[in-house]
$ cat input_36.cif   # mmCIF, C-alpha atoms
data_upload
loop_
_atom_site.label_atom_id
_atom_site.label_comp_id
_atom_site.auth_asym_id
_atom_site.auth_seq_id
_atom_site.Cartn_x
_atom_site.Cartn_y
_atom_site.Cartn_z
CA MET Y 250 218.58 -161.81 203.75
CA ASP Y 251 216.30 -159.50 201.79
CA LEU Y 252 216.36 -156.73 204.41
CA VAL Y 253 218.08 -156.12 207.73
CA ILE Y 254 217.11 -153.34 210.13
CA ARG Y 255 219.93 -152.43 212.51
CA ASN Y 256 220.04 -150.75 215.91
CA ALA Y 257 216.30 -150.60 216.58
CA SER Y 258 214.48 -149.94 219.83
CA LEU Y 259 211.47 -152.22 220.32
CA PRO Y 260 208.14 -151.51 222.09
CA ASP Y 261 208.97 -154.01 224.86
CA GLY Y 262 212.01 -151.91 225.85
CA ARG Y 263 214.79 -153.88 224.15
CA LEU Y 264 217.48 -151.66 222.65
CA GLN Y 265 220.07 -151.99 219.86
CA ILE Y 266 218.17 -154.83 218.21
CA ASP Y 267 218.59 -156.08 214.64
CA ILE Y 268 215.70 -157.53 212.61
CA ALA Y 269 216.46 -159.81 209.66
CA ILE Y 270 213.78 -160.28 207.01
CA GLU Y 271 213.52 -162.86 204.25
CA GLY Y 272 210.63 -163.90 202.03
CA GLY Y 273 208.24 -161.39 203.60
CA ARG Y 274 208.69 -162.76 207.11
CA ILE Y 275 210.95 -162.03 210.05
CA ALA Y 276 213.81 -164.52 210.07
CA ALA Y 277 215.70 -163.42 213.18
CA VAL Y 278 215.57 -160.80 215.95
CA GLY Y 279 218.47 -160.01 218.27
CA PRO Y 280 221.43 -157.77 219.04
CA ARG Y 281 224.15 -157.48 216.37
CA LEU Y 282 222.90 -160.28 214.11
CA ALA Y 283 225.71 -161.84 212.03
CA VAL Y 284 223.79 -161.64 208.77
CA GLN Y 285 223.90 -159.45 205.68
CA GLY Y 286 220.95 -158.03 203.85
CA ALA Y 287 220.45 -157.05 200.23
CA ARG Y 288 219.31 -153.79 201.84
CA GLU Y 289 220.25 -152.61 205.31
CA ILE Y 290 218.50 -149.85 207.25
CA ASP Y 291 220.03 -148.15 210.28
CA ALA Y 292 217.21 -147.29 212.66
CA GLY Y 293 219.63 -145.16 214.67
CA GLY Y 294 218.04 -146.19 217.97
CA ASP Y 295 214.55 -145.23 216.85
CA LEU Y 296 211.46 -147.29 217.63
CA VAL Y 297 210.48 -150.14 215.32
CA THR Y 298 207.01 -151.44 216.02
CA PRO Y 299 204.48 -153.78 214.45
CA PRO Y 300 201.96 -151.75 212.42
CA PHE Y 301 199.12 -149.77 213.89
CA VAL Y 302 195.73 -151.49 214.00
CA ASP Y 303 192.35 -149.73 214.06
CA ALA Y 304 189.82 -151.98 215.80
CA HIS Y 305 186.79 -149.80 215.04
CA PHE Y 306 186.10 -147.74 211.94
CA HIS Y 307 183.32 -146.84 209.46
CA MET Y 308 184.93 -146.87 206.03
CA ASP Y 309 181.62 -146.72 204.16
CA ALA Y 310 181.04 -143.23 205.56
CA THR Y 311 184.60 -141.88 205.59
CA LEU Y 312 185.45 -138.66 203.70
CA SER Y 313 181.76 -137.93 203.10
CA TYR Y 314 181.75 -134.83 205.30
CA GLY Y 315 179.28 -132.22 204.02
CA LEU Y 316 177.20 -134.72 202.00
CA PRO Y 317 174.35 -133.95 201.64
CA ARG Y 318 174.77 -131.37 204.43
CA VAL Y 319 176.83 -130.67 207.52
CA ASN Y 320 175.90 -132.04 210.95
CA ARG Y 321 175.00 -128.67 212.49
CA SER Y 322 174.48 -129.91 216.04
CA GLY Y 323 177.45 -132.27 215.97
CA THR Y 324 175.39 -134.90 217.81
CA LEU Y 325 175.26 -138.66 217.42
CA LEU Y 326 171.55 -138.71 216.56
CA GLU Y 327 171.84 -136.01 213.89
CA GLY Y 328 174.76 -137.95 212.45
CA ILE Y 329 172.62 -141.10 212.22
CA ALA Y 330 169.80 -139.09 210.62
CA LEU Y 331 172.25 -137.51 208.19
CA TRP Y 332 173.64 -140.90 207.21
CA GLY Y 333 170.04 -141.96 206.47
CA GLU Y 334 169.69 -138.96 204.15
CA LEU Y 335 172.99 -139.76 202.44
CA LYS Y 336 172.40 -143.48 201.83
CA PRO Y 337 169.88 -143.19 198.96
CA GLY Y 338 172.37 -141.17 196.90
CA LEU Y 339 175.36 -143.43 197.48
CA THR Y 340 177.07 -145.01 194.50
CA GLN Y 341 179.48 -147.90 194.56
CA GLU Y 342 182.03 -145.92 192.58
CA ALA Y 343 182.06 -143.03 195.06
CA LEU Y 344 182.24 -145.39 198.05
CA VAL Y 345 185.22 -147.21 196.57
CA GLU Y 346 186.99 -143.97 195.65
CA ARG Y 347 186.67 -142.46 199.13
CA ALA Y 348 187.66 -145.70 200.86
CA MET Y 349 190.70 -146.15 198.64
CA GLN Y 350 191.84 -142.61 199.41
CA TYR Y 351 191.50 -143.32 203.12
CA CYS Y 352 193.50 -146.54 202.78
CA ASP Y 353 196.30 -144.55 201.15
CA TRP Y 354 196.29 -142.21 204.16
CA ALA Y 355 196.34 -145.22 206.49
CA VAL Y 356 199.35 -146.89 204.88
CA ALA Y 357 201.34 -143.65 204.95
CA ARG Y 358 200.72 -143.51 208.71
CA GLY Y 359 201.69 -147.11 209.35
CA LEU Y 360 198.08 -148.26 209.82
CA LEU Y 361 198.06 -151.64 208.08
CA ALA Y 362 195.01 -153.35 209.59
CA ILE Y 363 191.49 -151.93 209.97
CA ARG Y 364 188.22 -153.43 211.20
CA SER Y 365 185.47 -151.48 209.47
CA HIS Y 366 181.77 -151.69 210.19
CA VAL Y 367 179.63 -151.55 207.05
CA ASP Y 368 175.93 -150.66 207.15
CA ILE Y 369 173.71 -153.52 205.94
CA CYS Y 370 170.35 -151.77 206.39
CA ASP Y 371 170.34 -150.57 202.77
CA ASP Y 372 168.63 -153.42 200.91
CA ARG Y 373 170.91 -152.82 197.90
CA LEU Y 374 173.98 -153.65 200.02
CA LEU Y 375 175.90 -151.14 197.92
CA ALA Y 376 178.32 -150.37 200.73
CA VAL Y 377 178.97 -154.07 201.31
CA GLU Y 378 179.78 -154.62 197.64
CA ALA Y 379 181.99 -151.53 197.60
CA LEU Y 380 184.03 -152.45 200.66
CA LEU Y 381 184.44 -156.04 199.53
CA GLU Y 382 185.96 -154.61 196.35
CA VAL Y 383 188.17 -152.28 198.40
CA ARG Y 384 189.27 -155.23 200.55
CA ARG Y 385 190.30 -157.09 197.40
CA ARG Y 386 192.26 -154.13 196.04
CA VAL Y 387 194.13 -153.28 199.25
CA ALA Y 388 194.91 -156.87 200.29
CA PRO Y 389 198.58 -156.65 199.19
CA TYR Y 390 199.29 -153.83 201.63
CA LEU Y 391 196.46 -153.57 204.19
CA ASP Y 392 194.31 -156.08 206.11
CA LEU Y 393 190.67 -154.93 205.96
CA GLN Y 394 188.22 -156.82 208.16
CA LEU Y 395 184.51 -156.09 207.66
CA VAL Y 396 181.67 -156.14 210.21
CA ALA Y 397 178.04 -156.51 209.10
CA PHE Y 398 176.56 -153.57 210.99
CA PRO Y 399 172.76 -153.00 211.23
CA GLN Y 400 172.91 -149.21 211.72
CA ASP Y 401 169.10 -148.94 212.00
CA GLY Y 402 168.78 -151.87 214.41
CA ILE Y 403 168.54 -155.58 213.60
CA LEU Y 404 164.96 -155.80 214.96
CA ARG Y 405 163.95 -152.21 214.26
CA SER Y 406 164.62 -152.60 210.52
CA ALA Y 407 162.42 -155.25 208.89
CA SER Y 408 164.97 -156.55 206.39
CA ALA Y 409 168.12 -156.09 208.48
CA PHE Y 410 168.63 -159.67 209.63
CA ASP Y 411 168.16 -161.08 206.13
CA ASN Y 412 170.54 -158.40 204.83
CA LEU Y 413 173.09 -159.29 207.50
CA LYS Y 414 172.99 -162.96 206.51
CA ARG Y 415 173.33 -161.97 202.85
CA ALA Y 416 176.35 -159.81 203.68
CA ILE Y 417 178.01 -162.68 205.57
CA GLY Y 418 177.33 -164.91 202.58
CA MET Y 419 179.05 -162.36 200.33
CA GLY Y 420 182.21 -162.54 202.44
CA VAL Y 421 181.82 -160.07 205.33
CA ASP Y 422 183.86 -161.36 208.27
CA VAL Y 423 182.20 -160.34 211.56
CA VAL Y 424 178.67 -160.06 212.99
CA GLY Y 425 177.75 -156.61 214.33
CA GLY Y 426 174.85 -155.11 216.24
CA ILE Y 427 173.55 -151.99 217.96
CA PRO Y 428 171.28 -153.11 220.86
CA HIS Y 429 170.93 -149.67 222.48
CA PHE Y 430 169.32 -148.37 219.27
CA GLU Y 431 166.52 -150.95 219.29
CA ARG Y 432 163.09 -149.67 220.33
CA THR Y 433 163.17 -151.06 223.87
CA MET Y 434 165.69 -152.42 226.34
CA SER Y 435 164.12 -155.88 225.96
CA ASP Y 436 164.44 -155.66 222.17
CA GLY Y 437 168.07 -154.70 222.65
CA ALA Y 438 168.70 -157.78 224.77
CA ALA Y 439 166.85 -159.94 222.25
CA SER Y 440 169.02 -158.57 219.44
CA VAL Y 441 172.19 -159.50 221.33
CA ARG Y 442 170.91 -163.04 221.85
CA LEU Y 443 169.81 -163.40 218.19
CA LEU Y 444 173.07 -162.13 216.75
CA CYS Y 445 175.33 -164.08 219.10
CA GLU Y 446 173.46 -167.31 218.38
CA TYR Y 447 173.77 -166.69 214.65
CA ALA Y 448 177.50 -165.91 214.93
CA ALA Y 449 178.13 -168.98 217.09
CA GLY Y 450 176.36 -171.16 214.53
CA GLN Y 451 178.51 -169.73 211.74
CA GLY Y 452 181.77 -169.80 213.70
CA LEU Y 453 182.16 -166.02 213.36
CA ARG Y 454 183.46 -163.24 215.56
CA VAL Y 455 181.12 -160.61 217.03
CA ASP Y 456 181.71 -156.87 217.44
CA MET Y 457 178.72 -154.88 218.69
CA HIS Y 458 178.21 -151.17 219.12
CA CYS Y 459 177.13 -151.48 222.72
CA ASP Y 460 175.73 -148.89 225.12
CA GLU Y 461 176.89 -145.86 223.11
CA SER Y 462 174.85 -143.70 225.42
CA ASP Y 463 175.05 -141.48 228.50
CA ASP Y 464 172.22 -143.52 230.04
CA PRO Y 465 173.66 -145.54 232.96
CA MET Y 466 170.75 -147.98 232.58
CA SER Y 467 171.92 -148.99 229.11
CA ARG Y 468 173.48 -152.27 230.19
CA HIS Y 469 173.62 -154.43 227.08
CA ILE Y 470 177.27 -155.22 227.72
CA GLU Y 471 176.04 -157.42 230.57
CA THR Y 472 173.87 -159.38 228.14
CA LEU Y 473 176.71 -159.56 225.61
CA ALA Y 474 179.03 -161.01 228.26
CA PHE Y 475 176.37 -163.52 229.36
CA GLU Y 476 175.63 -164.71 225.81
CA THR Y 477 179.34 -164.96 225.01
CA GLN Y 478 179.90 -167.25 227.97
CA ARG Y 479 176.70 -169.25 227.40
CA LEU Y 480 177.64 -169.95 223.78
CA GLY Y 481 181.33 -170.65 224.43
CA MET Y 482 182.52 -167.71 222.33
CA GLN Y 483 185.23 -166.49 224.71
CA GLY Y 484 187.94 -164.53 222.88
CA ARG Y 485 185.79 -163.94 219.79
CA VAL Y 486 183.55 -161.09 220.99
CA ALA Y 487 184.08 -157.36 221.42
CA GLY Y 488 181.87 -154.61 222.78
CA SER Y 489 182.57 -151.26 221.12
CA HIS Y 490 182.07 -147.84 222.74
CA LEU Y 491 180.59 -148.93 226.13
CA THR Y 492 180.19 -145.25 226.97
CA SER Y 493 177.29 -145.76 229.38
CA MET Y 494 179.83 -147.34 231.73
CA HIS Y 495 181.21 -143.84 232.28
CA SER Y 496 177.90 -142.89 233.90
CA MET Y 497 177.19 -146.11 235.82
CA ASP Y 498 177.45 -146.26 239.60
CA ASN Y 499 180.60 -147.85 240.97
CA TYR Y 500 178.83 -150.72 242.74
CA TYR Y 501 177.28 -152.01 239.53
CA VAL Y 502 180.57 -151.64 237.65
CA SER Y 503 182.33 -153.66 240.38
CA LYS Y 504 180.01 -156.52 239.41
CA LEU Y 505 180.18 -155.88 235.67
CA LEU Y 506 183.96 -155.87 235.20
CA PRO Y 507 184.48 -159.47 236.38
CA LEU Y 508 181.62 -160.63 234.15
CA ILE Y 509 183.29 -159.08 231.10
CA ARG Y 510 186.67 -160.58 232.02
CA GLU Y 511 185.25 -164.06 232.70
CA ALA Y 512 183.44 -164.03 229.36
CA GLY Y 513 186.61 -163.07 227.50
CA VAL Y 514 184.87 -160.07 225.90
CA ALA Y 515 187.16 -157.32 224.63
CA ALA Y 516 186.38 -153.61 224.88
CA ILE Y 517 186.98 -151.06 222.14
CA ALA Y 518 186.92 -147.38 223.11
CA ASN Y 519 186.91 -144.60 220.54
CA PRO Y 520 188.41 -141.61 222.36
CA LEU Y 521 188.07 -138.93 219.67
CA ILE Y 522 184.43 -139.69 218.98
CA ASN Y 523 183.26 -140.76 222.44
CA ILE Y 524 184.24 -137.45 224.03
CA THR Y 525 182.82 -135.52 221.09
CA LEU Y 526 179.37 -137.13 220.88
CA GLN Y 527 178.67 -138.02 224.51
CA GLY Y 528 177.66 -135.66 227.31
CA ARG Y 529 175.69 -133.44 224.93
CA HIS Y 530 172.78 -133.11 227.36
CA ASP Y 531 175.08 -132.01 230.19
CA THR Y 532 175.69 -128.42 231.20
CA TYR Y 533 178.33 -128.54 233.95
CA PRO Y 534 179.84 -130.68 235.26
CA LYS Y 535 180.07 -132.28 231.82
CA ARG Y 536 180.84 -135.98 231.49
CA ARG Y 537 183.75 -137.09 229.31
CA GLY Y 538 181.74 -140.00 227.93
CA MET Y 539 184.57 -142.47 227.29
CA THR Y 540 184.34 -145.88 228.93
CA ARG Y 541 186.40 -146.86 231.99
CA VAL Y 542 189.60 -147.77 230.19
CA PRO Y 543 192.09 -148.11 233.10
CA GLU Y 544 189.56 -150.00 235.21
CA LEU Y 545 188.86 -152.44 232.36
CA ILE Y 546 192.57 -153.00 231.79
CA GLY Y 547 193.08 -153.44 235.53
CA ALA Y 548 190.36 -156.10 235.55
CA GLY Y 549 192.19 -158.07 232.87
CA VAL Y 550 190.04 -157.07 229.89
CA ASP Y 551 191.64 -156.50 226.49
CA VAL Y 552 191.07 -152.82 225.63
CA ALA Y 553 191.77 -151.32 222.21
CA PHE Y 554 191.30 -147.82 220.84
CA GLY Y 555 189.57 -147.17 217.52
CA HIS Y 556 189.45 -144.11 215.29
CA ASP Y 557 185.74 -144.69 214.51
CA CYS Y 558 185.19 -141.77 212.13
CA VAL Y 559 187.16 -139.51 209.80
CA MET Y 560 185.46 -136.63 208.00
CA ASP Y 561 181.96 -138.13 207.97
CA PRO Y 562 178.47 -137.24 209.32
CA TRP Y 563 179.65 -137.75 212.90
CA TYR Y 564 183.13 -136.21 212.90
CA SER Y 565 184.63 -133.52 210.69
CA LEU Y 566 188.27 -134.13 211.63
CA GLY Y 567 190.77 -137.01 211.58
CA SER Y 568 193.61 -138.26 209.39
CA ALA Y 569 194.07 -142.04 209.93
CA ASP Y 570 196.65 -141.36 212.63
CA MET Y 571 196.34 -143.92 215.43
CA LEU Y 572 198.92 -142.06 217.50
CA GLU Y 573 196.46 -139.16 217.61
CA VAL Y 574 193.84 -141.62 218.89
CA ALA Y 575 196.23 -142.95 221.55
CA HIS Y 576 197.20 -139.39 222.51
CA MET Y 577 193.56 -138.43 223.10
CA GLY Y 578 192.80 -141.68 224.92
CA LEU Y 579 195.73 -141.12 227.26
CA HIS Y 580 194.47 -137.68 228.23
CA VAL Y 581 190.79 -138.52 228.60
CA ALA Y 582 191.48 -141.63 230.67
CA GLN Y 583 194.09 -139.75 232.75
CA MET Y 584 196.59 -142.51 231.97
CA THR Y 585 199.72 -140.40 232.44
CA GLY Y 586 201.94 -142.84 234.35
CA GLN Y 587 204.77 -144.32 232.30
CA GLU Y 588 203.31 -147.84 232.15
CA ALA Y 589 199.80 -146.49 231.52
CA MET Y 590 201.04 -144.42 228.57
CA HIS Y 591 202.76 -147.52 227.19
CA GLN Y 592 199.43 -149.38 227.51
CA CYS Y 593 197.83 -146.69 225.33
CA PHE Y 594 200.41 -147.49 222.64
CA LEU Y 595 199.55 -151.18 222.93
CA ALA Y 596 195.86 -150.20 222.56
CA VAL Y 597 196.56 -149.18 218.94
CA THR Y 598 198.98 -152.01 218.11
CA GLU Y 599 199.19 -155.37 219.89
CA VAL Y 600 195.80 -155.45 221.63
CA PRO Y 601 193.62 -154.68 218.57
CA ALA Y 602 195.70 -157.16 216.55
CA ARG Y 603 194.74 -159.80 219.12
CA ILE Y 604 191.07 -158.74 219.01
CA LEU Y 605 191.01 -158.99 215.21
CA GLY Y 606 192.78 -162.35 215.32
CA LEU Y 607 195.55 -161.20 212.98
CA GLU Y 608 197.86 -164.04 211.98
CA GLY Y 609 201.61 -163.47 212.07
CA TYR Y 610 201.49 -160.10 213.86
CA GLY Y 611 204.48 -159.04 215.95
CA ILE Y 612 208.26 -158.80 216.01
CA ALA Y 613 209.47 -162.38 216.32
CA PRO Y 614 210.84 -165.03 213.97
CA GLY Y 615 208.06 -166.28 211.70
CA CYS Y 616 205.91 -163.16 211.96
CA HIS Y 617 204.99 -161.18 208.87
CA ALA Y 618 207.59 -158.51 208.13
CA ASP Y 619 205.08 -155.70 208.68
CA LEU Y 620 206.88 -152.93 210.57
CA VAL Y 621 206.88 -149.20 211.18
CA LEU Y 622 210.02 -147.17 211.91
CA LEU Y 623 209.06 -144.15 213.98
CA ASP Y 624 210.89 -140.88 214.59
CA ALA Y 625 210.92 -141.57 218.35
CA ALA Y 626 212.96 -143.59 220.79
CA SER Y 627 210.10 -145.17 222.76
CA THR Y 628 206.36 -145.83 222.76
CA VAL Y 629 205.71 -142.92 225.12
CA GLU Y 630 207.75 -140.54 223.00
CA ALA Y 631 205.93 -141.76 219.88
CA ILE Y 632 202.60 -140.75 221.42
CA ARG Y 633 203.93 -137.45 222.73
CA LEU Y 634 205.20 -136.41 219.31
CA ARG Y 635 202.65 -138.25 217.14
CA ALA Y 636 205.95 -139.31 215.61
CA ALA Y 637 206.69 -139.18 211.90
CA ARG Y 638 206.65 -142.59 210.22
CA ARG Y 639 210.17 -142.76 208.82
CA MET Y 640 209.40 -146.03 207.05
CA VAL Y 641 206.42 -148.33 206.68
CA ILE Y 642 207.24 -151.91 205.69
CA ARG Y 643 204.73 -154.44 204.40
CA ARG Y 644 205.82 -158.06 203.94
CA GLY Y 645 209.44 -156.93 203.87
CA VAL Y 646 208.96 -154.18 201.29
CA VAL Y 647 209.24 -150.47 202.14
CA VAL Y 648 205.90 -149.01 201.02
CA SER Y 649 206.17 -145.51 202.50
CA GLU Y 650 208.97 -143.20 203.63
CA ALA Y 651 209.03 -139.79 205.34
CA PRO Y 652 211.77 -137.52 206.74
CA ARG Y 653 212.39 -136.95 210.41
CA ALA Y 654 210.37 -134.17 212.01
CA GLN Y 655 212.85 -131.30 212.29
CA ALA Y 656 212.69 -127.55 212.19
CA THR Y 657 215.25 -125.19 210.69
CA LEU Y 658 215.69 -122.19 212.97
CA ASN Y 659 216.98 -118.77 212.00
CA LEU Y 660 217.38 -117.31 215.46
CA PRO Y 661 220.49 -115.41 216.60
CA GLY Y 662 222.69 -117.56 218.79
CA ARG Y 663 220.56 -120.68 218.35
CA ALA Y 664 221.34 -123.96 216.60
CA ALA Y 665 220.37 -124.21 212.95
CA VAL Y 666 218.42 -127.48 213.30
CA THR Y 667 216.53 -128.96 216.21
CA ASP Y 668 214.34 -131.97 216.82
CA PHE Y 669 211.83 -132.68 219.53
CA ARG Y 670 213.03 -135.97 220.97
CA LEU Y 671 214.45 -136.68 224.39
CA GLY Y 672 214.91 -140.43 224.08
CA MET Y 673 212.81 -141.14 227.19
CA ARG Y 674 210.72 -144.26 227.89
#
$ encode --input "input_36.cif" --output "structure tokens"
Amino acid sequence: MDLVIRNASLPDGRLQIDIAIEGGRIAAVGPRLAVQGAREIDAGGDLVTPPFVDAHFHMDATLSYGLPRVNRSGTLLEGIALWGELKPGLTQEALVERAMQYCDWAVARGLLAIRSHVDICDDRLLAVEALLEVRRRVAPYLDLQLVAFPQDGILRSASAFDNLKRAIGMGVDVVGGIPHFERTMSDGAASVRLLCEYAAGQGLRVDMHCDESDDPMSRHIETLAFETQRLGMQGRVAGSHLTSMHSMDNYYVSKLLPLIREAGVAAIANPLINITLQGRHDTYPKRRGMTRVPELIGAGVDVAFGHDCVMDPWYSLGSADMLEVAHMGLHVAQMTGQEAMHQCFLAVTEVPARILGLEGYGIAPGCHADLVLLDAASTVEAIRLRAARRMVIRRGVVVSEAPRAQATLNLPGRAAVTDFRLGMR
């Protein structure tokens, strides 16, 4: 065997498990495997997980914070306006450089798959060309899936639909949309129908920014679920944000949740950004703004968490750490039971991998040997500590290493070294 990991804890609760790797894939998984590896790693009971997956990101804007100015109000609409000011001065070289730096951050944090929306409302399609080049460069160590995203609205921007089709022709993977940003509710519904019909005809997945609003009457997710079912696209469609659901009345939501489940539409919440940008017109009580995550999960809907933004016109913070995203999602959704916290870990690993349709993801024979060794004993502890990534493995090769998180103390009568783990599930 090329590599054997010994004495690992797995996200499903199995303990003292060995993982044998050969030819970039997992060959065997089980306790005390009778195999030898050219290299052997003792996990020491720490958690080994498939890599983190970000189901919703904007890599064309990342690390552009302060260009050409800072978002003074911190609002969604000023961020959109600021992005419009920034676009004319974009260069392909700068876009590639910033995106490559972010991908380096991602790999170091065990984030090995990202779905990034890319704005197609610039007729030059500079960002599309740039991220296609980034996708080519990072392919050996990171899966980058691109969404053709009409930031200015597919009907509101005269050339947007032609640009979207051009972007798909260039190799962009997924059809995007933003119905709540069209001029009217009816235009929003029409945009959902147009884009879903196009995607169905091309055999493509759909991921729409949907109802990113505090307005409880923004109900385009209903249309997205209807069109998904009408066109037979179950399992290939996601609605991102869905923040208006936080403000909807409970009776309507009781009707909406089964529609989403029956249509096989996934939901992608973005905890860091949703709670930052929503509720800006509220005094007190102030709405959180994030969609109804536990209710969606309880209804049988696949729910993933995305990072959305890092140091861009909408958000000045972030570091490609999906455990930070899960940590915030857990708190905002009040998912503090043991199983609920575990579900938040799955929302940045297994569930987004399923939404993206990643081939060979997981810890089972035949899966890609893409793994992360965390300085934690369980999924809950990993979130609590935002655990250090002791090792990141891509196709059986260790691509990143970091020490355990420890502190050296110089206190009278206290131990010299301590860590922060309890080994609890």
$ atom_distance --input "input_36.cif" --atom1 "CA of Leu282 in chain Y" --atom2 "CA of Ile270 in chain Y"
11.6 Å
$ resolve_selection --input "input_36.cif" --expression "the PyMOL selection byres ((chain Y and resi 440) around 9)" --output "MDAnalysis selection string"
chainID Y and resid 402:404 426:428 431 435:439 441:445
$ residues_around --input "input_36.cif" --residues "Leu374 in chain Y" --least-positions-apart "5" --cutoff "10 Å" --atoms "all atoms listed in the file" --output "JSON, numbers by chain"
{"Y": [341, 367, 368, 369, 379, 412, 413, 415, 416]}
$ resolve_selection --input "input_36.cif" --expression "the PyMOL selection byres ((chain Y and resi 480) around 8)" --output "PDB file with C-alpha atoms, in the frame of the given file"
ATOM      1  CA  CYS Y 445     175.330-164.080 219.100  1.00  0.00           C
ATOM      2  CA  GLU Y 446     173.460-167.310 218.380  1.00  0.00           C
ATOM      3  CA  ALA Y 449     178.130-168.980 217.090  1.00  0.00           C
ATOM      4  CA  GLU Y 476     175.630-164.710 225.810  1.00  0.00           C
ATOM      5  CA  THR Y 477     179.340-164.960 225.010  1.00  0.00           C
ATOM      6  CA  GLN Y 478     179.900-167.250 227.970  1.00  0.00           C
ATOM      7  CA  ARG Y 479     176.700-169.250 227.400  1.00  0.00           C
ATOM      8  CA  GLY Y 481     181.330-170.650 224.430  1.00  0.00           C
ATOM      9  CA  MET Y 482     182.520-167.710 222.330  1.00  0.00           C
TER      10      MET Y 482
END
$ axis_aligned_box --input "input_36.cif" --around "range 421-427 of chain Y" --padding-each-side "3 Å" --output "AutoDock Vina command-line options"
--center_x 178.7 --center_y -156.7 --center_z 211.6 --size_x 16.3 --size_y 15.4 --size_z 18.6
$ closest_residue --input "input_36.cif" --among "Y:Asp624, Y:Glu588, Y:Asp309, Y:Asp570" --to "Val297 in chain Y" --atoms "all atoms listed in the file"
Y:Asp624
$ residues_around --input "input_36.cif" --residues "Ile363 in chain Y" --least-positions-apart "3" --cutoff "12 Å" --atoms "only C-alpha atoms" --output "PyMOL selection string"
chain Y and resi 300-308+348+351-352+355-356+359-360+366+380+384+387-388+390-396+554-557+569+571+597-598+601-602+604-607
$ closest_residue --input "input_36.cif" --among "Y:Leu296, Y:Ala637, Y:Val421, Y:Ile612" --to "Leu264 in chain Y" --atoms "all atoms listed in the file"
Y:Leu296
$ residues_around --input "input_36.cif" --residues "Ser496 in chain Y" --least-positions-apart "2" --cutoff "8 Å" --atoms "only C-alpha atoms" --output "list in words"
Asp463, Asp464, Pro465, Thr492, Ser493, Met494, Asp498, Arg536 and Gly538 of chain Y
$ resolve_selection --input "input_36.cif" --expression "the PyMOL selection byres ((chain Y and resi 623) around 12)" --output "ChimeraX atom specification"
/Y:257-260,292-301,357-359,572,620-622,624-632,634-642,649-654,670
$ closest_residue --input "input_36.cif" --among "Y:Gln451, Y:Gln400, Y:Asn256, Y:Thr433" --to "Lys414 in chain Y" --atoms "only C-alpha atoms"
Y:Gln451
$ closest_residue --input "input_36.cif" --among "Y:Ile268, Y:Val502, Y:Val647, Y:Ala397" --to "Gly611 in chain Y" --atoms "only C-alpha atoms"
Y:Ile268
$ atom_distance --input "input_36.cif" --atom1 "CA of Gly315 in chain Y" --atom2 "CA of Gln350 in chain Y"
16.9 Å
$ atom_distance --input "input_36.cif" --atom1 "CA of Arg432 in chain Y" --atom2 "CA of Val319 in chain Y"
26.7 Å
$ residues_around --input "input_36.cif" --residues "Ile517 in chain Y" --least-positions-apart "4" --cutoff "6 Å" --atoms "all atoms listed in the file" --output "list in words"
Ser489, His490, Val552, Ala553 and Phe554 of chain Y
$ decode --input "input_36.cif" --residues "range 476-486 of chain Y" --atoms "N, CA and C atoms" --output "CSV table (one decimal), in the first residue's frame"
chain,number,residue,atom,x,y,z
Y,476,GLU,N,-40.7,24.4,-11.0
Y,476,GLU,CA,-40.1,24.2,-12.2
Y,476,GLU,C,-39.2,23.0,-12.2
Y,477,THR,N,-38.5,22.7,-11.1
Y,477,THR,CA,-37.7,21.6,-10.9
Y,477,THR,C,-38.5,20.3,-11.1
Y,478,GLN,N,-39.6,20.2,-10.5
Y,478,GLN,CA,-40.5,19.0,-10.6
Y,478,GLN,C,-41.1,18.9,-12.0
Y,479,ARG,N,-41.5,20.0,-12.5
Y,479,ARG,CA,-42.1,20.0,-13.9
Y,479,ARG,C,-41.2,19.5,-14.9
Y,480,LEU,N,-39.9,19.9,-14.8
Y,480,LEU,CA,-38.9,19.5,-15.8
Y,480,LEU,C,-38.1,18.3,-15.5
Y,481,GLY,N,-38.5,17.6,-14.4
Y,481,GLY,CA,-37.8,16.3,-14.0
Y,481,GLY,C,-36.4,16.5,-13.6
Y,482,MET,N,-36.1,17.6,-12.9
Y,482,MET,CA,-34.7,17.9,-12.6
Y,482,MET,C,-34.4,17.6,-11.1
Y,483,GLN,N,-35.1,16.7,-10.5
Y,483,GLN,CA,-34.9,16.4,-9.1
Y,483,GLN,C,-33.5,16.0,-8.8
Y,484,GLY,N,-32.9,16.5,-7.7
Y,484,GLY,CA,-31.6,16.2,-7.4
Y,484,GLY,C,-30.5,17.0,-8.1
Y,485,ARG,N,-30.9,17.9,-9.0
Y,485,ARG,CA,-29.9,18.7,-9.7
Y,485,ARG,C,-30.0,20.2,-9.5
Y,486,VAL,N,-30.9,20.6,-8.5
Y,486,VAL,CA,-31.2,22.0,-8.3
Y,486,VAL,C,-31.0,22.4,-6.9
